[in-house]
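my_file-v4.cif follows (mmCIF, C-alpha atoms):
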```cif
data_structure
#
loop_
_atom_site.label_atom_id
_atom_site.label_comp_id
_atom_site.auth_asym_id
_atom_site.auth_seq_id
_atom_site.Cartn_x
_atom_site.Cartn_y
_atom_site.Cartn_z
CA GLY A 1 191.85 138.32 126.02
CA ASN A 2 191.25 136.51 129.31
CA THR A 3 188.31 138.79 130.11
CA ALA A 4 186.71 138.15 126.70
CA TYR A 5 187.27 134.40 127.10
CA ALA A 6 185.69 134.35 130.58
CA ILE A 7 182.59 136.18 129.34
CA SER A 8 182.34 133.98 126.24
CA LEU A 9 182.58 130.84 128.36
CA ALA A 10 179.98 132.18 130.79
CA VAL A 11 177.55 132.77 127.90
CA ALA A 12 178.14 129.22 126.62
CA GLU A 13 177.55 127.82 130.11
CA ALA A 14 174.35 129.87 130.47
CA ALA A 15 173.06 128.54 127.15
CA SER A 16 173.81 124.90 127.98
CA SER A 17 172.28 125.14 131.46
CA THR A 18 169.17 126.86 130.05
CA HIS A 19 168.66 123.86 127.78
CA ASN A 20 169.66 121.48 130.60
CA ILE A 21 172.36 119.81 128.52
CA PRO A 22 176.13 119.42 129.08
CA LEU A 23 178.37 122.13 127.65
CA PHE A 24 180.01 119.71 125.20
CA HIS A 25 176.54 118.80 123.84
CA HIS A 26 175.65 122.48 123.41
CA LEU A 27 178.93 123.20 121.57
CA SER A 28 178.76 120.20 119.26
CA GLY A 29 175.03 120.33 118.52
CA SER A 30 175.05 116.54 118.67
CA GLU A 31 174.40 113.88 121.28
CA GLU A 32 177.27 111.77 119.94
CA VAL A 33 180.22 111.71 122.32
CA VAL A 34 183.72 110.90 121.05
CA LEU A 35 186.43 111.32 123.66
CA PRO A 36 189.90 112.58 122.65
CA LEU A 37 193.12 110.64 123.21
CA PRO A 38 195.26 112.08 126.05
CA LEU A 39 198.60 113.50 124.96
CA GLY A 40 200.73 113.46 128.12
CA ASN A 41 203.87 115.37 129.06
CA VAL A 42 206.21 112.99 130.95
CA LEU A 43 209.62 114.70 130.76
CA GLY A 44 210.50 118.33 130.18
CA GLY A 45 213.12 121.00 129.78
CA GLY A 46 213.47 124.42 128.24
CA MET A 47 211.41 127.29 129.64
CA HIS A 48 209.37 124.91 131.82
CA THR A 49 212.32 123.94 134.01
CA GLY A 50 215.64 125.10 135.46
CA LYS A 51 219.23 124.99 134.24
CA GLY A 52 220.85 121.74 133.10
CA THR A 53 217.66 120.15 131.77
CA PRO A 54 217.08 119.33 128.08
CA ASP A 55 216.74 122.20 125.60
CA ILE A 56 213.59 120.57 124.19
CA GLN A 57 210.55 121.67 126.20
CA GLU A 58 208.28 118.60 126.30
CA TYR A 59 208.59 114.85 125.74
CA LEU A 60 205.08 113.56 125.06
CA VAL A 61 203.35 110.17 124.96
CA LEU A 62 200.06 109.02 123.42
CA PRO A 63 198.45 105.58 124.03
CA VAL A 64 196.77 104.08 120.97
CA GLY A 65 194.06 101.39 120.93
CA CYS A 66 192.64 101.73 124.44
CA GLU A 67 189.08 100.62 125.20
CA SER A 68 188.28 103.65 127.38
CA PHE A 69 189.57 107.10 128.25
CA LEU A 70 190.34 105.90 131.78
CA GLU A 71 192.56 103.14 130.41
CA ALA A 72 194.39 105.61 128.18
CA PHE A 73 194.91 108.00 131.10
CA MET A 74 196.29 105.21 133.30
CA VAL A 75 198.70 104.12 130.55
CA ASN A 76 200.13 107.66 130.52
CA VAL A 77 200.46 107.53 134.32
CA LYS A 78 202.38 104.25 133.99
CA VAL A 79 204.77 105.82 131.47
CA HIS A 80 205.31 108.84 133.72
CA SER A 81 206.04 106.53 136.65
CA ARG A 82 208.40 104.36 134.57
CA VAL A 83 210.31 107.43 133.38
CA GLY A 84 210.82 108.38 137.03
CA ILE A 85 212.14 104.91 137.87
CA LEU A 86 214.57 104.96 134.94
CA LEU A 87 215.81 108.42 135.89
CA GLU A 88 216.60 107.25 139.42
CA LYS A 89 218.59 104.35 137.99
CA LYS A 90 220.41 106.15 135.17
CA VAL A 91 220.90 109.79 136.17
CA SER A 92 223.25 110.41 139.07
CA GLY A 93 222.21 113.30 141.25
CA PHE A 94 218.60 113.30 140.08
CA THR A 95 216.44 114.32 143.03
CA GLY A 96 212.97 113.90 141.55
CA GLY A 97 212.50 117.47 140.31
CA ARG A 98 209.55 118.26 138.06
CA GLY A 99 208.60 121.17 135.82
CA ASP A 100 205.54 123.41 135.91
CA GLU A 101 203.33 120.81 134.18
CA GLY A 102 204.36 117.89 136.38
CA ALA A 103 206.81 116.33 133.93
CA TRP A 104 210.15 115.07 135.23
CA ALA A 105 212.97 117.63 134.81
CA PRO A 106 216.29 115.75 134.84
CA PRO A 107 219.81 117.06 134.13
CA MET A 108 220.42 115.33 130.79
CA GLY A 109 220.83 115.93 127.06
CA ASN A 110 218.06 116.09 124.48
CA GLU A 111 218.56 112.72 122.78
CA ASP A 112 219.43 110.94 126.03
CA ALA A 113 216.08 112.12 127.39
CA LEU A 114 214.30 110.99 124.24
CA GLU A 115 215.91 107.55 124.40
CA LEU A 116 214.80 107.20 128.01
CA VAL A 117 211.17 108.16 127.22
CA VAL A 118 211.14 105.71 124.30
CA GLU A 119 212.48 102.96 126.60
CA ALA A 120 209.79 103.69 129.20
CA SER A 121 207.08 103.74 126.52
CA GLU A 122 208.20 100.41 125.08
CA TRP A 123 208.25 98.87 128.58
CA VAL A 124 204.68 100.04 129.27
CA SER A 125 203.56 98.92 125.80
CA SER A 126 204.91 95.45 126.53
CA GLU A 127 203.34 95.33 130.01
CA THR A 128 199.87 96.59 129.01
CA GLY A 129 199.55 95.50 125.38
CA ILE A 130 198.74 99.12 124.52
CA LYS A 131 200.91 100.81 121.90
CA VAL A 132 202.45 104.03 123.27
CA ARG A 133 203.67 106.55 120.70
CA VAL A 134 206.26 109.26 121.47
CA GLY A 135 206.31 112.91 120.41
CA LEU A 136 207.95 116.26 121.19
CA ASP A 137 207.11 119.89 121.79
CA VAL A 138 210.37 121.58 120.81
CA ALA A 139 209.13 125.14 121.54
CA ALA A 140 211.73 126.25 119.01
CA THR A 141 210.85 129.95 119.29
CA THR A 142 212.42 129.90 122.76
CA LEU A 143 215.64 128.56 121.19
CA TRP A 144 215.70 131.08 118.33
CA ASN A 145 218.27 133.89 118.39
CA SER A 146 216.94 136.69 116.20
CA ILE A 147 220.39 138.31 115.92
CA SER A 148 222.44 135.29 114.82
CA LYS A 149 219.44 133.69 113.05
CA HIS A 150 220.28 130.36 114.66
CA TYR A 151 218.66 127.98 117.14
CA MET A 152 220.78 127.95 120.30
CA TYR A 153 220.94 124.60 122.12
CA ILE A 154 222.56 125.67 125.39
CA ARG A 155 222.56 122.19 126.99
CA GLU A 156 224.24 120.71 123.91
CA GLY A 157 226.49 123.69 123.29
CA LYS A 158 225.36 123.80 119.65
CA SER A 159 223.71 126.24 117.30
CA ARG A 160 221.74 125.30 114.20
CA SER A 161 220.74 127.32 111.17
CA PRO A 162 217.07 127.13 110.06
CA TRP A 163 217.81 124.42 107.51
CA GLU A 164 220.07 122.52 109.93
CA GLN A 165 217.14 122.62 112.36
CA VAL A 166 214.86 121.06 109.73
CA ASP A 167 217.39 118.29 109.13
CA TYR A 168 217.86 117.77 112.88
CA ILE A 169 214.12 117.35 113.48
CA LEU A 170 213.79 115.01 110.49
CA GLY A 171 216.62 112.94 111.95
CA LEU A 172 214.84 112.67 115.32
CA ILE A 173 211.58 111.67 113.62
CA LYS A 174 213.31 108.87 111.72
CA LYS A 175 215.56 107.64 114.53
CA PHE A 176 212.91 107.55 117.26
CA ARG A 177 209.83 106.91 115.06
CA LEU A 178 208.11 110.02 116.38
CA PHE A 179 204.42 110.43 115.57
CA TYR A 180 204.12 114.11 116.59
CA VAL A 181 206.40 117.18 116.71
CA GLU A 182 205.04 120.51 117.95
CA ASP A 183 206.68 123.87 117.22
CA PRO A 184 209.85 122.40 115.67
CA LEU A 185 210.72 125.80 114.18
CA ASN A 186 210.50 129.48 115.05
CA GLU A 187 206.96 130.93 115.10
CA GLY A 188 207.52 133.04 111.97
CA ASP A 189 209.11 130.36 109.78
CA PHE A 190 206.21 129.28 107.55
CA GLU A 191 208.68 128.30 104.82
CA GLY A 192 210.57 125.96 107.14
CA PHE A 193 207.34 124.42 108.43
CA THR A 194 206.28 123.76 104.83
CA GLU A 195 209.57 122.04 104.02
CA LEU A 196 209.52 119.95 107.20
CA THR A 197 205.88 118.89 106.74
CA ARG A 198 206.59 117.83 103.17
CA LYS A 199 209.48 115.59 104.27
CA ALA A 200 208.14 114.28 107.61
CA GLY A 201 206.05 111.42 106.22
CA ASP A 202 203.18 110.39 108.49
CA CYS A 203 204.52 112.32 111.51
CA LEU A 204 202.18 115.12 112.62
CA ILE A 205 203.85 118.53 112.45
CA CYS A 206 201.88 120.72 114.87
CA GLY A 207 201.82 124.50 115.14
CA ASP A 208 201.16 126.27 118.45
CA ASP A 209 203.21 129.48 118.42
CA LEU A 210 202.94 129.34 114.61
CA PHE A 211 199.12 129.63 114.57
CA VAL A 212 198.06 130.80 118.09
CA THR A 213 194.50 129.52 117.36
CA ASN A 214 194.19 132.38 114.85
CA MET A 215 192.21 131.86 111.62
CA HIS A 216 194.32 134.31 109.59
CA ARG A 217 197.61 132.64 110.53
CA LEU A 218 196.05 129.20 109.98
CA ASN A 219 194.89 130.31 106.52
CA MET A 220 198.52 131.12 105.66
CA GLY A 221 199.57 127.70 106.88
CA VAL A 222 196.86 125.94 104.88
CA LYS A 223 197.83 127.74 101.66
CA LEU A 224 201.52 126.90 102.14
CA GLY A 225 201.09 123.38 103.52
CA ALA A 226 202.90 124.50 106.68
CA ALA A 227 202.11 121.86 109.35
CA ASN A 228 199.20 119.39 109.40
CA ALA A 229 198.04 119.84 113.00
CA LEU A 230 197.48 122.77 115.34
CA ILE A 231 197.14 123.46 119.05
CA ILE A 232 193.77 124.86 120.14
CA LYS A 233 193.96 127.25 123.13
CA PRO A 234 190.72 129.25 123.40
CA ASN A 235 192.16 132.11 125.44
CA GLN A 236 194.78 132.73 122.74
CA VAL A 237 192.02 133.96 120.41
CA GLY A 238 189.60 135.27 123.04
CA THR A 239 186.17 133.70 122.46
CA ILE A 240 184.54 130.29 122.10
CA SER A 241 183.01 131.22 118.72
CA LYS A 242 186.36 132.32 117.24
CA THR A 243 187.94 129.15 118.55
CA GLN A 244 185.22 127.09 116.86
CA GLN A 245 185.76 128.92 113.57
CA THR A 246 189.47 128.09 113.71
CA VAL A 247 188.72 124.42 114.42
CA LYS A 248 186.27 124.25 111.49
CA LEU A 249 188.86 125.76 109.14
CA ALA A 250 191.49 123.30 110.38
CA LYS A 251 189.24 120.30 109.80
CA SER A 252 188.18 121.47 106.34
CA ALA A 253 191.87 121.67 105.42
CA GLY A 254 192.69 118.23 106.86
CA PHE A 255 194.58 119.62 109.89
CA ILE A 256 194.31 117.77 113.24
CA PRO A 257 193.11 120.05 116.07
CA VAL A 258 194.67 119.33 119.48
CA ALA A 259 192.85 120.89 122.46
CA SER A 260 195.49 122.10 124.90
CA HIS A 261 196.01 123.34 128.45
CA ARG A 262 198.37 126.23 129.21
CA SER A 263 201.61 126.19 131.20
CA GLY A 264 199.97 128.24 133.94
CA GLU A 265 196.70 126.46 134.74
CA THR A 266 193.76 126.37 137.14
CA LEU A 267 191.40 123.65 138.38
CA ASP A 268 188.90 124.66 135.69
CA SER A 269 187.75 121.67 133.61
CA HIS A 270 186.08 123.40 130.65
CA LEU A 271 188.84 122.25 128.31
CA ALA A 272 187.42 118.71 128.48
CA HIS A 273 184.05 119.97 127.19
CA LEU A 274 185.69 122.06 124.48
CA ALA A 275 187.73 119.06 123.27
CA ILE A 276 184.57 116.95 122.90
CA GLY A 277 182.38 119.79 121.66
CA PHE A 278 184.85 120.64 118.89
CA SER A 279 185.59 116.94 118.15
CA CYS A 280 189.33 117.26 118.76
CA PRO A 281 191.01 113.85 118.34
CA MET A 282 193.59 114.68 121.04
CA ILE A 283 193.73 116.65 124.28
CA LYS A 284 197.02 117.86 125.73
CA ALA A 285 196.43 118.17 129.47
CA GLY A 286 199.46 116.77 131.30
CA VAL A 287 199.59 113.54 133.33
CA ILE A 288 199.85 114.49 137.01
CA GLY A 289 199.07 117.55 139.14
CA GLY A 290 195.65 118.69 140.32
CA GLU A 291 195.22 121.42 137.72
CA ARG A 292 196.03 118.89 134.94
CA ILE A 293 194.00 116.00 136.36
CA ALA A 294 190.94 118.25 136.67
CA LYS A 295 190.51 118.08 132.88
CA LEU A 296 191.21 114.35 132.72
CA ASN A 297 188.82 113.56 135.58
CA GLU A 298 186.07 115.50 133.79
CA LEU A 299 186.61 113.37 130.68
CA ILE A 300 186.39 110.22 132.82
CA ARG A 301 183.12 111.47 134.33
CA ILE A 302 181.73 112.25 130.85
#
```
What is this file in structure tokens?
Amino acid sequence: GNTAYAISLAVAEAASSTHNIPLFHHLSGSEEVVLPLPLGNVLGGGMHTGKGTPDIQEYLVLPVGCESFLEAFMVNVKVHSRVGILLEKKVSGFTGGRGDEGAWAPPMGNEDALELVVEASEWVSSETGIKVRVGLDVAATTLWNSISKHYMYIREGKSRSPWEQVDYILGLIKKFRLFYVEDPLNEGDFEGFTELTRKAGDCLICGDDLFVTNMHRLNMGVKLGAANALIIKPNQVGTISKTQQTVKLAKSAGFIPVASHRSGETLDSHLAHLAIGFSCPMIKAGVIGGERIAKLNELIRI
């Protein structure tokens, strides 16, 4: 998959350089440039961190109503910084640890962490005049026990059945006014995703492990109404053209495509061009760390 992706990207680069145009222009076929909003990971747990951190994998923020991409990026940096300040004040024994995407990794419970991120977001919203929305990447497949058929929340010491998990996520959406929840259920639970999407109101229910940028899995989701957004990771599917086909299908079905980095990353900045070239309204690329900022800096340059 990575070999196919590298070759596909090299061909796309060769084509754009032959025509002396940016890669995003070559991919979109248009000179219009619409930059995505940055979806930033400011606090994390789960598989991205060590023991004692939240079960939920990512606590995400999105600034709304900025005048430029740079302004939006800096708002996310302010939230990340404010979360760090609040953790120092409120969490005894916190030593400033961060996960593999640069998000803070404190020893605290799931809802305590969410309350802290909401508090930091509201503080930055008040200071900057920019509305900051809060979301989650639950990465529920990592919590799923295939033997007991329950979601195991080790930090909380709780287990939840599939339908209890749906109710739990709906409760978080309502209580914290979440705008986005990624992978709230196990990667095979199309039925649960359908039920959750139907009840979640205007909150985006996003599939990553559910769809893996795959047209056939997305087709199943479209037919069932399972989710209304999807993560776009080109090396999940292998080529730029297959990625573009998946994005086109998503848009035709009214799904929101979110261009996304991977947990293990490099300094490569092509994701910025893919996000613009495919007209993705959001890009998930972290907040701090050189391999994350490489994508964000490229968007600033563009």
How close does each residue of segment 238-290 of chain A get to segment 71-74 of chain A, giving the shortest atom pair and distance in Å to one decimal for every residue with an atom at most 12 Å away, counting all atoms listed in the file, sorted by chain and residue number, as a tab-separated table?
```
residue	atom	partner	partner_atom	distance
A:Met282	CA	A:Ala72	CA	11.6
A:Ile283	CA	A:Phe73	CA	11.1
A:Lys284	CA	A:Phe73	CA	11.4
A:Ala285	CA	A:Phe73	CA	10.4
A:Gly286	CA	A:Phe73	CA	9.9
A:Val287	CA	A:Phe73	CA	7.6
A:Ile288	CA	A:Phe73	CA	10.1
```
- Task: Can you give me, as a count of residues only, the residues this file yields under the PyMOL selection byres ((chain A and resi 225) around 12)?
- Result: 28
- Message: From the options A:Met215, A:Val237, A:Val118, A:Ala272, which residue's atoms come nearest to Ala4 of chain A, counting all atoms listed in the file?
- Response: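 Among the listed residues, A:Val237 lies closest to Ala4 of chain A.
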- Best match for closeness to Gln57 of chain A among A:Gln245, A:Ser30, A:Thr95, A:Thr141, counting all atoms listed in the file: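 Closest candidate: A:Thr141.
Of the residues under consideration (A:Trp144, A:Trp104, A:Trp163, A:Tyr5), A:Trp104 shows the shortest atom-to-atom contact distance to Gly44 of chain A when counting only C-alpha atoms.
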Step by step, work through what the PyMOL selection byres ((chain A and resi 142) around 12) selects in the shown file, and finish by giving those residues as a short mmCIF file (atom, residue, chain, number, x, y, z; two decimals) with C-alpha atoms, keeping the file's coordinate frame.
```
data_model
loop_
_atom_site.label_atom_id
_atom_site.label_comp_id
_atom_site.auth_asym_id
_atom_site.auth_seq_id
_atom_site.Cartn_x
_atom_site.Cartn_y
_atom_site.Cartn_z
CA GLY A 45 213.12 121.00 129.78
CA GLY A 46 213.47 124.42 128.24
CA MET A 47 211.41 127.29 129.64
CA HIS A 48 209.37 124.91 131.82
CA ASP A 55 216.74 122.20 125.60
CA ILE A 56 213.59 120.57 124.19
CA GLN A 57 210.55 121.67 126.20
CA ASP A 137 207.11 119.89 121.79
CA VAL A 138 210.37 121.58 120.81
CA ALA A 139 209.13 125.14 121.54
CA ALA A 140 211.73 126.25 119.01
CA THR A 141 210.85 129.95 119.29
CA LEU A 143 215.64 128.56 121.19
CA TRP A 144 215.70 131.08 118.33
CA ASN A 145 218.27 133.89 118.39
CA SER A 146 216.94 136.69 116.20
CA HIS A 150 220.28 130.36 114.66
CA TYR A 151 218.66 127.98 117.14
CA MET A 152 220.78 127.95 120.30
CA TYR A 153 220.94 124.60 122.12
CA ILE A 154 222.56 125.67 125.39
CA ASP A 183 206.68 123.87 117.22
CA PRO A 184 209.85 122.40 115.67
CA LEU A 185 210.72 125.80 114.18
CA ASN A 186 210.50 129.48 115.05
CA GLU A 187 206.96 130.93 115.10
CA ASP A 209 203.21 129.48 118.42
#
```
- Which residues, protein or nucleic acid, reach to within 6 Å of (194.7, 122.7, 123.5) in the file's coordinates when using all atoms listed in the file, and can you give that as a ChimeraX atom specification? /A:231-233,258-261,284
- Message: So that I can check the surroundings of Leu267 of chain A, please list as a PyMOL selection string every protein, DNA and RNA residue that reaches within 9 Å of it, counting only C-alpha atoms and ignoring chain neighbours fewer than 3 positions away.
- Response: chain A and resi 290-295
How would segment 114-126 of chain A of the given structure read as a file with all heavy atoms, as a PDB file, in the first residue's frame?
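Output file result.pdb follows:
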```pdb
ATOM      1  N   LEU A 114     -12.642  16.085  29.012  1.00  0.00           N
ATOM      2  CA  LEU A 114     -13.509  16.815  28.088  1.00  0.00           C
ATOM      3  C   LEU A 114     -13.930  18.152  28.679  1.00  0.00           C
ATOM      4  O   LEU A 114     -13.948  19.180  27.979  1.00  0.00           O
ATOM      5  CB  LEU A 114     -14.728  15.954  27.746  1.00  0.00           C
ATOM      6  CG  LEU A 114     -15.647  16.428  26.626  1.00  0.00           C
ATOM      7  CD1 LEU A 114     -14.879  16.828  25.380  1.00  0.00           C
ATOM      8  CD2 LEU A 114     -16.672  15.346  26.288  1.00  0.00           C
ATOM      9  N   GLU A 115     -14.250  18.168  29.956  1.00  0.00           N
ATOM     10  CA  GLU A 115     -14.611  19.423  30.625  1.00  0.00           C
ATOM     11  C   GLU A 115     -13.452  20.420  30.571  1.00  0.00           C
ATOM     12  O   GLU A 115     -13.659  21.626  30.342  1.00  0.00           O
ATOM     13  CB  GLU A 115     -14.993  19.146  32.085  1.00  0.00           C
ATOM     14  CG  GLU A 115     -16.362  18.484  32.237  1.00  0.00           C
ATOM     15  CD  GLU A 115     -16.670  18.114  33.681  1.00  0.00           C
ATOM     16  OE1 GLU A 115     -15.796  18.342  34.554  1.00  0.00           O
ATOM     17  OE2 GLU A 115     -17.771  17.579  33.927  1.00  0.00           O
ATOM     18  N   LEU A 116     -12.235  19.924  30.742  1.00  0.00           N
ATOM     19  CA  LEU A 116     -11.069  20.808  30.721  1.00  0.00           C
ATOM     20  C   LEU A 116     -10.842  21.391  29.321  1.00  0.00           C
ATOM     21  O   LEU A 116     -10.554  22.576  29.174  1.00  0.00           O
ATOM     22  CB  LEU A 116      -9.841  20.035  31.194  1.00  0.00           C
ATOM     23  CG  LEU A 116      -8.569  20.860  31.421  1.00  0.00           C
ATOM     24  CD1 LEU A 116      -7.822  20.378  32.662  1.00  0.00           C
ATOM     25  CD2 LEU A 116      -7.650  20.771  30.206  1.00  0.00           C
ATOM     26  N   VAL A 117     -11.001  20.577  28.289  1.00  0.00           N
ATOM     27  CA  VAL A 117     -10.828  21.063  26.908  1.00  0.00           C
ATOM     28  C   VAL A 117     -11.915  22.074  26.560  1.00  0.00           C
ATOM     29  O   VAL A 117     -11.646  23.095  25.910  1.00  0.00           O
ATOM     30  CB  VAL A 117     -10.823  19.886  25.912  1.00  0.00           C
ATOM     31  CG1 VAL A 117     -10.857  20.394  24.464  1.00  0.00           C
ATOM     32  CG2 VAL A 117      -9.590  19.011  26.122  1.00  0.00           C
ATOM     33  N   VAL A 118     -13.140  21.824  27.006  1.00  0.00           N
ATOM     34  CA  VAL A 118     -14.226  22.783  26.778  1.00  0.00           C
ATOM     35  C   VAL A 118     -13.920  24.100  27.478  1.00  0.00           C
ATOM     36  O   VAL A 118     -14.111  25.179  26.914  1.00  0.00           O
ATOM     37  CB  VAL A 118     -15.580  22.203  27.260  1.00  0.00           C
ATOM     38  CG1 VAL A 118     -16.647  23.295  27.285  1.00  0.00           C
ATOM     39  CG2 VAL A 118     -16.020  21.056  26.352  1.00  0.00           C
ATOM     40  N   GLU A 119     -13.422  24.028  28.708  1.00  0.00           N
ATOM     41  CA  GLU A 119     -13.066  25.247  29.460  1.00  0.00           C
ATOM     42  C   GLU A 119     -11.979  26.037  28.730  1.00  0.00           C
ATOM     43  O   GLU A 119     -12.070  27.264  28.593  1.00  0.00           O
ATOM     44  CB  GLU A 119     -12.585  24.873  30.863  1.00  0.00           C
ATOM     45  CG  GLU A 119     -12.217  26.078  31.713  1.00  0.00           C
ATOM     46  CD  GLU A 119     -11.695  25.715  33.088  1.00  0.00           C
ATOM     47  OE1 GLU A 119     -11.892  24.550  33.522  1.00  0.00           O
ATOM     48  OE2 GLU A 119     -11.061  26.588  33.738  1.00  0.00           O
ATOM     49  N   ALA A 120     -10.957  25.345  28.256  1.00  0.00           N
ATOM     50  CA  ALA A 120      -9.876  26.009  27.522  1.00  0.00           C
ATOM     51  C   ALA A 120     -10.390  26.633  26.233  1.00  0.00           C
ATOM     52  O   ALA A 120     -10.017  27.757  25.873  1.00  0.00           O
ATOM     53  CB  ALA A 120      -8.768  25.006  27.208  1.00  0.00           C
ATOM     54  N   SER A 121     -11.281  25.932  25.540  1.00  0.00           N
ATOM     55  CA  SER A 121     -11.840  26.430  24.278  1.00  0.00           C
ATOM     56  C   SER A 121     -12.691  27.671  24.508  1.00  0.00           C
ATOM     57  O   SER A 121     -12.621  28.641  23.731  1.00  0.00           O
ATOM     58  CB  SER A 121     -12.662  25.333  23.605  1.00  0.00           C
ATOM     59  OG  SER A 121     -11.866  24.212  23.302  1.00  0.00           O
ATOM     60  N   GLU A 122     -13.474  27.665  25.568  1.00  0.00           N
ATOM     61  CA  GLU A 122     -14.309  28.821  25.880  1.00  0.00           C
ATOM     62  C   GLU A 122     -13.452  30.022  26.264  1.00  0.00           C
ATOM     63  O   GLU A 122     -13.771  31.169  25.909  1.00  0.00           O
ATOM     64  CB  GLU A 122     -15.285  28.467  27.001  1.00  0.00           C
ATOM     65  CG  GLU A 122     -16.377  27.496  26.543  1.00  0.00           C
ATOM     66  CD  GLU A 122     -17.296  27.071  27.676  1.00  0.00           C
ATOM     67  OE1 GLU A 122     -16.945  27.305  28.859  1.00  0.00           O
ATOM     68  OE2 GLU A 122     -18.373  26.496  27.379  1.00  0.00           O
ATOM     69  N   TRP A 123     -12.349  29.774  26.985  1.00  0.00           N
ATOM     70  CA  TRP A 123     -11.438  30.863  27.369  1.00  0.00           C
ATOM     71  C   TRP A 123     -10.822  31.499  26.125  1.00  0.00           C
ATOM     72  O   TRP A 123     -10.774  32.722  25.997  1.00  0.00           O
ATOM     73  CB  TRP A 123     -10.356  30.321  28.294  1.00  0.00           C
ATOM     74  CG  TRP A 123      -9.481  31.379  28.903  1.00  0.00           C
ATOM     75  CD1 TRP A 123      -9.676  32.037  30.086  1.00  0.00           C
ATOM     76  CD2 TRP A 123      -8.259  31.907  28.348  1.00  0.00           C
ATOM     77  NE1 TRP A 123      -8.655  32.940  30.306  1.00  0.00           N
ATOM     78  CE2 TRP A 123      -7.774  32.887  29.256  1.00  0.00           C
ATOM     79  CE3 TRP A 123      -7.543  31.653  27.190  1.00  0.00           C
ATOM     80  CZ2 TRP A 123      -6.604  33.601  29.031  1.00  0.00           C
ATOM     81  CZ3 TRP A 123      -6.366  32.371  26.952  1.00  0.00           C
ATOM     82  CH2 TRP A 123      -5.913  33.326  27.868  1.00  0.00           C
ATOM     83  N   VAL A 124     -10.356  30.664  25.185  1.00  0.00           N
ATOM     84  CA  VAL A 124      -9.747  31.179  23.955  1.00  0.00           C
ATOM     85  C   VAL A 124     -10.793  31.867  23.085  1.00  0.00           C
ATOM     86  O   VAL A 124     -10.522  32.905  22.472  1.00  0.00           O
ATOM     87  CB  VAL A 124      -9.044  30.044  23.180  1.00  0.00           C
ATOM     88  CG1 VAL A 124      -8.569  30.528  21.808  1.00  0.00           C
ATOM     89  CG2 VAL A 124      -7.853  29.517  23.980  1.00  0.00           C
ATOM     90  N   SER A 125     -12.002  31.329  23.039  1.00  0.00           N
ATOM     91  CA  SER A 125     -13.088  31.966  22.285  1.00  0.00           C
ATOM     92  C   SER A 125     -13.351  33.365  22.809  1.00  0.00           C
ATOM     93  O   SER A 125     -13.516  34.316  22.038  1.00  0.00           O
ATOM     94  CB  SER A 125     -14.371  31.125  22.377  1.00  0.00           C
ATOM     95  OG  SER A 125     -14.229  29.891  21.718  1.00  0.00           O
ATOM     96  N   SER A 126     -13.363  33.502  24.133  1.00  0.00           N
ATOM     97  CA  SER A 126     -13.599  34.804  24.753  1.00  0.00           C
ATOM     98  C   SER A 126     -12.450  35.769  24.474  1.00  0.00           C
ATOM     99  O   SER A 126     -12.662  36.957  24.206  1.00  0.00           O
ATOM    100  CB  SER A 126     -13.783  34.626  26.264  1.00  0.00           C
ATOM    101  OG  SER A 126     -13.958  35.872  26.908  1.00  0.00           O
TER     102      SER A 126
END
```
